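Source file: query_18.csv. Holds: CSV, C-alpha atoms.
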chain,number,residue,atom,x,y,z
R,1,MET,CA,-3.1,-83.3,-118.3
R,2,LYS,CA,-6.8,-84.0,-118.0
R,3,VAL,CA,-8.1,-81.5,-115.5
R,4,LEU,CA,-11.5,-81.4,-114.0
R,5,ILE,CA,-12.5,-77.9,-112.9
R,6,THR,CA,-15.7,-77.1,-111.0
R,7,GLY,CA,-17.1,-73.6,-111.5
R,8,THR,CA,-16.2,-73.2,-115.2
R,9,ALA,CA,-19.0,-70.6,-115.7
R,10,GLY,CA,-17.6,-68.6,-112.8
R,11,PHE,CA,-15.1,-65.8,-112.8
R,12,ILE,CA,-11.9,-67.6,-111.7
R,13,GLY,CA,-12.9,-71.1,-113.0
R,14,ASN,CA,-13.5,-69.8,-116.5
R,15,ALA,CA,-10.2,-67.8,-116.7
R,16,LEU,CA,-8.4,-70.9,-115.4
R,17,ALA,CA,-10.0,-73.2,-117.9
R,18,GLN,CA,-9.0,-70.8,-120.7
R,19,ARG,CA,-5.4,-70.8,-119.7
R,20,LEU,CA,-5.2,-74.6,-119.3
R,21,LEU,CA,-6.8,-75.1,-122.7
R,22,ASP,CA,-4.4,-72.6,-124.2
R,23,ARG,CA,-1.4,-74.6,-122.9
R,24,GLY,CA,-2.7,-77.9,-124.3
R,25,ASP,CA,-4.5,-79.5,-121.3
R,26,GLU,CA,-7.9,-81.2,-121.5
R,27,VAL,CA,-10.6,-79.7,-119.3
R,28,ILE,CA,-13.8,-81.2,-118.0
R,29,GLY,CA,-15.9,-78.3,-116.6
R,30,ILE,CA,-18.7,-78.8,-114.1
R,31,ASP,CA,-21.1,-75.9,-113.4
R,32,ASN,CA,-24.8,-75.6,-112.8
R,33,VAL,CA,-25.0,-72.0,-114.1
R,34,ASN,CA,-27.3,-71.0,-111.2
R,35,ASP,CA,-28.9,-67.6,-110.9
R,36,TYR,CA,-27.0,-66.3,-107.8
R,37,TYR,CA,-26.0,-63.6,-110.2
R,38,ASP,CA,-26.8,-62.9,-113.9
R,39,PRO,CA,-26.7,-66.2,-115.8
R,40,THR,CA,-26.2,-64.5,-119.1
R,41,LEU,CA,-22.8,-63.4,-117.9
R,42,LYS,CA,-22.0,-67.0,-117.0
R,43,GLU,CA,-23.2,-68.2,-120.4
R,44,ALA,CA,-21.0,-65.5,-122.1
R,45,ARG,CA,-18.0,-66.8,-120.2
R,46,LEU,CA,-18.7,-70.4,-121.2
R,47,ALA,CA,-19.2,-69.3,-124.8
R,48,LYS,CA,-15.5,-68.4,-124.9
R,49,ILE,CA,-14.4,-72.0,-124.3
R,50,LYS,CA,-17.3,-74.3,-125.1
R,51,ASP,CA,-16.3,-74.9,-128.7
R,52,HIS,CA,-12.7,-75.8,-127.8
R,53,PRO,CA,-12.1,-79.4,-128.9
R,54,ALA,CA,-10.4,-80.2,-125.5
R,55,PHE,CA,-13.3,-78.8,-123.4
R,56,THR,CA,-16.2,-80.9,-122.1
R,57,GLU,CA,-19.1,-79.2,-120.4
R,58,VAL,CA,-21.0,-81.0,-117.6
R,59,ARG,CA,-24.0,-78.9,-116.4
R,60,GLU,CA,-24.8,-80.5,-113.0
R,61,ASN,CA,-24.9,-79.8,-109.3
R,62,LEU,CA,-22.0,-80.7,-107.1
R,63,GLU,CA,-24.3,-81.9,-104.4
R,64,ASP,CA,-25.7,-84.6,-106.6
R,65,ARG,CA,-23.6,-87.5,-105.3
R,66,GLU,CA,-24.4,-90.0,-108.1
R,67,VAL,CA,-23.8,-87.6,-110.9
R,68,ILE,CA,-20.4,-86.5,-109.5
R,69,ALA,CA,-19.4,-90.1,-109.0
R,70,ASP,CA,-20.3,-90.9,-112.6
R,71,VAL,CA,-18.4,-87.8,-113.9
R,72,PHE,CA,-15.2,-89.0,-112.1
R,73,ALA,CA,-15.7,-92.6,-113.3
R,74,GLN,CA,-16.3,-91.6,-116.9
R,75,TYR,CA,-13.6,-89.0,-117.4
R,76,LYS,CA,-10.9,-90.1,-114.9
R,77,PRO,CA,-9.2,-86.7,-114.5
R,78,ASP,CA,-5.5,-86.6,-113.6
R,79,ARG,CA,-6.0,-83.5,-111.4
R,80,VAL,CA,-8.9,-81.5,-110.0
R,81,VAL,CA,-9.5,-77.8,-109.2
R,82,ASN,CA,-12.6,-77.2,-107.1
R,83,LEU,CA,-13.7,-73.6,-107.5
R,84,ALA,CA,-17.5,-74.0,-107.5
R,85,ALA,CA,-19.0,-72.6,-104.3
R,86,GLN,CA,-21.9,-70.6,-103.0
R,87,ALA,CA,-20.0,-67.3,-102.8
R,88,GLY,CA,-20.7,-64.1,-100.8
R,89,VAL,CA,-20.5,-63.2,-97.2
R,90,ARG,CA,-23.7,-61.2,-96.9
R,91,TYR,CA,-25.8,-63.7,-98.8
R,92,SER,CA,-24.9,-66.3,-96.2
R,93,LEU,CA,-27.0,-64.4,-93.7
R,94,GLU,CA,-30.1,-64.8,-95.9
R,95,ASN,CA,-29.6,-68.3,-97.3
R,96,PRO,CA,-27.4,-70.4,-95.1
R,97,HIS,CA,-28.5,-73.7,-96.5
R,98,ALA,CA,-27.1,-72.9,-99.9
R,99,TYR,CA,-23.6,-72.8,-98.3
R,100,ILE,CA,-24.0,-76.2,-96.7
R,101,ASP,CA,-25.4,-77.8,-99.9
R,102,THR,CA,-22.7,-76.6,-102.3
R,103,ASN,CA,-19.7,-75.9,-100.1
R,104,ILE,CA,-19.9,-78.9,-97.7
R,105,VAL,CA,-22.0,-81.6,-99.4
R,106,GLY,CA,-20.6,-80.7,-102.8
R,107,PHE,CA,-17.1,-80.7,-101.6
R,108,VAL,CA,-17.3,-84.1,-99.9
R,109,ASN,CA,-18.6,-85.5,-103.3
R,110,ILE,CA,-15.4,-84.0,-104.9
R,111,LEU,CA,-13.2,-85.6,-102.3
R,112,GLU,CA,-14.9,-89.0,-102.8
R,113,GLY,CA,-14.4,-88.7,-106.5
R,114,CYS,CA,-10.7,-88.0,-106.1
R,115,ARG,CA,-10.3,-90.8,-103.6
R,116,HIS,CA,-11.9,-93.5,-105.7
R,117,ASN,CA,-10.3,-92.5,-109.0
R,118,ASN,CA,-6.6,-92.1,-108.1
R,119,VAL,CA,-6.5,-88.3,-108.7
R,120,GLU,CA,-3.0,-87.0,-108.4
R,121,HIS,CA,-3.7,-83.7,-106.8
R,122,LEU,CA,-6.8,-81.7,-105.7
R,123,VAL,CA,-6.5,-77.9,-105.5
R,124,TYR,CA,-9.5,-76.2,-104.0
R,125,ALA,CA,-10.7,-72.7,-103.3
R,126,SER,CA,-10.6,-71.5,-99.7
R,127,SER,CA,-10.9,-67.8,-98.8
R,128,SER,CA,-9.3,-65.0,-96.9
R,129,SER,CA,-12.6,-64.9,-94.9
R,130,VAL,CA,-11.3,-67.8,-92.8
R,131,TYR,CA,-9.2,-65.3,-90.9
R,132,GLY,CA,-12.4,-64.0,-89.4
R,133,ALA,CA,-11.7,-62.1,-86.2
R,134,ASN,CA,-7.9,-62.2,-86.6
R,135,THR,CA,-6.3,-58.8,-86.5
R,136,ASN,CA,-2.7,-60.0,-86.7
R,137,PHE,CA,-1.5,-58.5,-90.0
R,138,PRO,CA,-0.5,-59.5,-92.5
R,139,PHE,CA,-2.6,-62.7,-92.4
R,140,SER,CA,-0.3,-65.7,-92.3
R,141,VAL,CA,-1.1,-69.3,-93.1
R,142,HIS,CA,0.8,-70.1,-89.9
R,143,ASN,CA,-1.9,-68.2,-87.9
R,144,ASN,CA,-4.8,-69.9,-86.1
R,145,VAL,CA,-8.1,-69.5,-88.0
R,146,ASP,CA,-10.6,-70.8,-85.5
R,147,HIS,CA,-12.8,-67.7,-85.3
R,148,PRO,CA,-14.8,-67.2,-88.5
R,149,VAL,CA,-17.4,-64.4,-88.6
R,150,SER,CA,-19.7,-65.7,-91.4
R,151,LEU,CA,-21.1,-69.1,-92.4
R,152,TYR,CA,-19.3,-68.7,-95.7
R,153,ALA,CA,-16.0,-68.4,-93.9
R,154,ALA,CA,-16.9,-71.4,-91.7
R,155,SER,CA,-17.7,-73.5,-94.8
R,156,LYS,CA,-14.3,-72.7,-96.3
R,157,LYS,CA,-12.5,-73.5,-93.1
R,158,SER,CA,-14.5,-76.8,-93.1
R,159,ASN,CA,-13.2,-77.5,-96.6
R,160,GLU,CA,-9.6,-77.2,-95.3
R,161,LEU,CA,-10.4,-79.7,-92.5
R,162,MET,CA,-12.2,-82.1,-94.7
R,163,ALA,CA,-9.3,-82.1,-97.2
R,164,HIS,CA,-6.9,-82.8,-94.4
R,165,THR,CA,-8.8,-85.8,-93.4
R,166,TYR,CA,-8.7,-87.3,-96.9
R,167,SER,CA,-5.0,-86.4,-97.2
R,168,HIS,CA,-4.3,-88.2,-93.9
R,169,LEU,CA,-6.5,-91.2,-94.4
R,170,PHE,CA,-6.1,-91.9,-98.1
R,171,GLY,CA,-2.9,-90.2,-99.0
R,172,LEU,CA,-4.8,-87.8,-101.4
R,173,PRO,CA,-2.6,-84.8,-102.1
R,174,THR,CA,-4.7,-81.6,-101.5
R,175,THR,CA,-3.8,-77.9,-101.6
R,176,GLY,CA,-6.2,-75.1,-100.4
R,177,LEU,CA,-5.8,-71.6,-101.7
R,178,ARG,CA,-7.1,-68.7,-99.7
R,179,PHE,CA,-8.2,-66.1,-102.3
R,180,PHE,CA,-8.0,-62.4,-101.4
R,181,THR,CA,-10.6,-60.2,-103.2
R,182,VAL,CA,-10.2,-61.2,-106.8
R,183,TYR,CA,-11.1,-58.6,-109.5
R,184,GLY,CA,-10.7,-58.0,-113.2
R,185,PRO,CA,-12.5,-58.4,-116.6
R,186,TRP,CA,-15.4,-60.9,-116.6
R,187,GLY,CA,-15.7,-60.4,-112.8
R,188,ARG,CA,-18.6,-61.0,-110.5
R,189,PRO,CA,-21.5,-58.5,-110.5
R,190,ASP,CA,-21.9,-58.8,-106.7
R,191,MET,CA,-18.4,-57.6,-106.1
R,192,ALA,CA,-17.5,-54.0,-105.3
R,193,LEU,CA,-15.7,-53.1,-108.5
R,194,PHE,CA,-18.5,-54.3,-110.8
R,195,LEU,CA,-21.3,-52.8,-108.5
R,196,PHE,CA,-19.5,-49.5,-108.2
R,197,THR,CA,-18.9,-49.2,-112.0
R,198,ARG,CA,-22.5,-49.9,-112.8
R,199,LYS,CA,-23.8,-47.4,-110.3
R,200,ILE,CA,-21.3,-44.6,-111.1
R,201,LEU,CA,-22.1,-44.8,-114.8
R,202,ALA,CA,-25.8,-44.8,-114.0
R,203,GLY,CA,-25.4,-41.7,-111.7
R,204,GLU,CA,-26.5,-43.7,-108.7
R,205,PRO,CA,-24.9,-43.5,-105.2
R,206,ILE,CA,-22.5,-46.3,-104.3
R,207,PRO,CA,-22.8,-48.1,-100.9
R,208,VAL,CA,-19.5,-47.6,-99.0
R,209,PHE,CA,-19.5,-49.9,-95.9
R,210,ASN,CA,-17.5,-49.3,-92.7
R,211,TYR,CA,-17.7,-45.6,-93.7
R,212,GLY,CA,-14.9,-46.2,-96.3
R,213,ASN,CA,-12.4,-47.4,-93.7
R,214,HIS,CA,-12.0,-50.8,-95.3
R,215,SER,CA,-8.7,-52.0,-96.9
R,216,ARG,CA,-8.5,-55.0,-99.1
R,217,ASP,CA,-5.7,-57.0,-100.7
R,218,PHE,CA,-7.2,-56.6,-104.2
R,219,THR,CA,-5.7,-59.3,-106.5
R,220,TYR,CA,-6.0,-59.2,-110.3
R,221,ILE,CA,-7.4,-62.3,-112.0
R,222,ASP,CA,-4.4,-63.0,-114.2
R,223,ASP,CA,-2.1,-63.1,-111.1
R,224,ILE,CA,-4.6,-65.5,-109.4
R,225,VAL,CA,-4.7,-67.8,-112.4
R,226,GLU,CA,-1.0,-68.0,-112.6
R,227,GLY,CA,-0.8,-68.9,-109.0
R,228,VAL,CA,-3.4,-71.6,-109.3
R,229,ILE,CA,-1.7,-73.2,-112.3
R,230,ARG,CA,1.7,-73.2,-110.5
R,231,THR,CA,0.1,-74.8,-107.5
R,232,LEU,CA,-1.8,-77.4,-109.6
R,233,ASP,CA,1.5,-78.4,-111.2
R,234,LYS,CA,3.3,-78.9,-107.9
R,235,VAL,CA,1.7,-81.7,-106.0
R,236,ALA,CA,1.2,-81.2,-102.2
R,237,GLU,CA,3.7,-83.1,-100.1
R,238,PRO,CA,4.0,-83.9,-96.4
R,239,ASN,CA,6.1,-81.6,-94.3
R,240,PRO,CA,8.8,-84.0,-92.8
R,241,GLU,CA,9.4,-81.5,-90.0
R,242,TRP,CA,5.8,-81.3,-88.9
R,243,ASP,CA,5.5,-81.8,-85.1
R,244,GLY,CA,2.2,-82.7,-83.4
R,245,LYS,CA,3.4,-81.0,-80.2
R,246,HIS,CA,3.8,-77.8,-82.1
R,247,PRO,CA,1.5,-78.2,-85.0
R,248,ASP,CA,1.9,-75.8,-88.0
R,249,PRO,CA,-1.6,-74.9,-89.3
R,250,ALA,CA,-0.3,-74.5,-92.9
R,251,THR,CA,1.3,-78.0,-93.4
R,252,SER,CA,0.9,-81.5,-92.2
R,253,ALA,CA,2.5,-84.9,-91.9
R,254,ALA,CA,0.0,-85.8,-94.6
R,255,PRO,CA,0.3,-84.5,-98.2
R,256,TRP,CA,-1.8,-81.3,-97.4
R,257,ARG,CA,-1.0,-77.7,-97.8
R,258,VAL,CA,-2.8,-74.3,-97.5
R,259,PHE,CA,-1.6,-71.0,-99.0
R,260,ASN,CA,-2.6,-67.4,-99.2
R,261,ILE,CA,-3.0,-66.2,-102.8
R,262,GLY,CA,-3.2,-62.4,-102.8
R,263,ASN,CA,-1.5,-59.2,-103.8
R,264,ASN,CA,0.5,-58.8,-100.6
R,265,ASN,CA,-0.3,-55.1,-100.9
R,266,PRO,CA,-3.6,-53.9,-99.4
R,267,THR,CA,-5.4,-50.8,-100.8
R,268,LYS,CA,-7.7,-48.5,-98.9
R,269,LEU,CA,-11.3,-48.8,-100.3
R,270,MET,CA,-11.4,-45.0,-100.8
R,271,ARG,CA,-8.2,-45.2,-102.9
R,272,TYR,CA,-9.8,-48.0,-104.9
R,273,ILE,CA,-12.8,-45.8,-105.6
R,274,GLU,CA,-10.5,-42.9,-106.6
R,275,VAL,CA,-8.8,-45.1,-109.2
R,276,LEU,CA,-12.1,-46.2,-110.5
R,277,GLU,CA,-13.4,-42.6,-110.8
R,278,ASP,CA,-10.2,-41.7,-112.7
R,279,CYS,CA,-10.8,-44.6,-115.1
R,280,LEU,CA,-14.4,-43.8,-115.6
R,281,GLY,CA,-13.9,-40.0,-115.8
R,282,LYS,CA,-16.7,-39.6,-113.4
R,283,LYS,CA,-17.0,-38.9,-109.7
R,284,ALA,CA,-19.0,-41.3,-107.4
R,285,GLU,CA,-21.7,-40.2,-105.0
R,286,LYS,CA,-20.9,-42.1,-101.8
R,287,GLU,CA,-23.5,-43.5,-99.4
R,288,LEU,CA,-21.4,-44.1,-96.2
R,289,LEU,CA,-22.7,-47.1,-94.2
R,290,PRO,CA,-21.7,-49.0,-91.1
R,291,LEU,CA,-19.7,-52.3,-91.2
R,292,GLN,CA,-21.9,-55.1,-92.3
R,293,PRO,CA,-22.4,-58.3,-90.3
R,294,GLY,CA,-20.0,-61.0,-91.4
R,295,ASP,CA,-17.5,-58.5,-92.9
R,296,VAL,CA,-14.0,-57.9,-91.7
R,297,PRO,CA,-12.5,-54.4,-91.8
R,298,ASP,CA,-9.2,-55.2,-93.4
R,299,THR,CA,-7.4,-58.0,-95.3
R,300,TYR,CA,-3.7,-58.3,-96.0
R,301,ALA,CA,-2.1,-61.5,-97.4
R,302,ASP,CA,1.3,-62.8,-96.4
R,303,THR,CA,2.1,-64.7,-99.6
R,304,GLN,CA,5.7,-65.7,-98.6
R,305,ALA,CA,4.8,-69.4,-98.3
R,306,LEU,CA,3.3,-69.6,-101.8
R,307,MET,CA,6.3,-67.7,-103.2
R,308,ASP,CA,8.7,-70.1,-101.6
R,309,TRP,CA,6.6,-73.1,-102.8
R,310,VAL,CA,6.0,-72.2,-106.5
R,311,GLY,CA,7.6,-68.8,-107.0
R,312,TYR,CA,4.3,-66.9,-107.0
R,313,LYS,CA,4.6,-63.2,-107.2
R,314,PRO,CA,1.7,-61.0,-108.3
R,315,GLY,CA,2.6,-58.2,-110.7
R,316,THR,CA,-0.5,-56.2,-111.5
R,317,SER,CA,-1.1,-52.8,-109.8
R,318,VAL,CA,-4.6,-51.7,-108.8
R,319,GLU,CA,-4.3,-48.9,-111.3
R,320,ASP,CA,-3.6,-51.2,-114.2
R,321,GLY,CA,-6.1,-53.8,-113.1
R,322,VAL,CA,-9.0,-51.4,-112.6
R,323,LYS,CA,-8.4,-49.8,-116.0
R,324,ARG,CA,-8.5,-53.2,-117.7
R,325,PHE,CA,-11.7,-54.0,-116.0
R,326,VAL,CA,-13.3,-50.7,-117.0
R,327,ASP,CA,-12.2,-51.2,-120.6
R,328,TRP,CA,-13.8,-54.7,-120.6
R,329,TYR,CA,-17.0,-53.4,-118.9
R,330,ARG,CA,-17.5,-50.6,-121.5
R,331,ASP,CA,-16.9,-53.0,-124.3
R,332,TYR,CA,-19.1,-55.8,-122.9
R,333,TYR,CA,-22.0,-53.6,-121.9
R,334,LYS,CA,-21.5,-51.1,-124.8
R,335,VAL,CA,-21.4,-48.1,-122.5

Spell out the structure here as structure tokens.
Amino acid sequence: MKVLITGTAGFIGNALAQRLLDRGDEVIGIDNVNDYYDPTLKEARLAKIKDHPAFTEVRENLEDREVIADVFAQYKPDRVVNLAAQAGVRYSLENPHAYIDTNIVGFVNILEGCRHNNVEHLVYASSSSVYGANTNFPFSVHNNVDHPVSLYAASKKSNELMAHTYSHLFGLPTTGLRFFTVYGPWGRPDMALFLFTRKILAGEPIPVFNYGNHSRDFTYIDDIVEGVIRTLDKVAEPNPEWDGKHPDPATSAAPWRVFNIGNNNPTKLMRYIEVLEDCLGKKAEKELLPLQPGDVPDTYADTQALMDWVGYKPGTSVEDGVKRFVDWYRDYYKV
């Protein structure tokens, strides 16, 4: 297939592009390589794939309507995976407009490109953050998600609604994947594992929010990519049993689906830190802090729907995943 991926300098997008190239697909990658976090890490990720003969790099902004329209018209992708986004919950408190520009305006440009160029399937990144104030565990795609607690979460919920509109009006098959705390080699420096590793090795205290009472459904990057590929390969379909009197939030009479993609096995934050300490051979000095605005205390993915749909079943333990990250970190940063 010819697959357009947005966010190919990003953590998940780069790993996905590598896997698709390895299996023989052609990849057109869009990324603006911004400085939300260290651009040199993004460039290093791109360096792994940029010389592949089946990879085409497009360094542009999603919110540039004409550029995105031209990319679709020129390359005519068969399928699209939208992973580019302004990420981060806490940053949305400081810079809300960045989330509207990339996550809303950028996404409608992707939808329009798909609509006008006969794209077979659009898979896009949603987020576990859409569950917001929900405390019904595990989080199920059949639950209501109308109470986001951050603008980032609201932008991701908006993506699901926007995709549904295009699926309904234009028959565009779309699938949203709600990612649950992705980690692993080549990960994001603003995420806990990366941040904790750097600070522990430097002998600096680590910030532990909610006084360490968080639990997260930490999901290893290889498991995530496997799930994305399986989803991309199975085009969204209407649910023939969908009933407007009893609407299922996860499916539709249109070719639209949303799924959780997580580990289905939450880990206490303090346990996660213990595993990291064991891998580093060094204890952390913890600075216990209150829950941050926009954060949720716990996440726990019910992944049964995705397992039923594509046979998705994550297989990487936190112990193995954290060790692989630490090995990569020591090698990459020579520490």

For this session: Point out the residue among R:Asp298, R:Asp25, R:Asp70, R:Glu160 with the least atom-to-atom distance to Asn103 of chain R, counting all atoms listed in the file.
Result: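 Looking at the shortest contact to Asn103 of chain R, the residue is R:Glu160.
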
Problem set entry | Long-range neighbours of Phe194 of chain R as a PyMOL selection string, 12 Å cut-off, all atoms listed in the file, 5 positions minimum in chain | chain R and resi 37+182-189+199-201+206+273+276+322+325-326+328-330+333

Exercise. Of the candidates R:Val123, R:Val141, R:Leu111, R:Ala84, which one gets nearest to Leu169 of chain R if we count all atoms listed in the file?
Worked result: R:Leu111

For this session: Identify the residues within 10 Å of coordinate (-22.5, -64.5, -118.3) (same frame as the file), considering all atoms listed in the file, and give the answer as a PyMOL selection string.
Result: chain R and resi 9-11+33+37-47+186-189

Exercise. Could you work out how far atom CA of Glu226 of chain R lies from atom CA of Met191 of chain R, giving the answer in Å with one decimal?
Worked result: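 Straight-line distance from atom CA of Met191 of chain R to atom CA of Glu226 of chain R works out to 21.3 Å.
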
Exercise. Atom CA of Leu151 of chain R to atom CA of Val228 of chain R: how many Å, to one decimal?
Worked result: 24.6 Å

For this session: Between R:Arg271, R:Arg115, R:His142, R:Arg257, single out the one closest to Arg79 of chain R, counting only C-alpha atoms.
Result: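 Among the listed residues, R:Arg115 lies closest to Arg79 of chain R.
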
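If you count only C-alpha atoms and ignore residues fewer than 5 places along the chain from Thr174 of chain R, what sits within 6 Å of it is His121, Leu122, Val123, Ala236 and Trp256 of chain R.
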
Exercise. Between atom CA of Val275 of chain R and atom CA of Glu319 of chain R, what is the distance, to one decimal in Å?
Worked result: 6.3 Å

Exercise. Which one of R:Gly13, R:Pro297, R:Gly29, R:Pro207 sits closest to Tyr131 of chain R if you count all atoms listed in the file?
Worked result: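 So, comparing all the options, the nearest one is R:Pro297.
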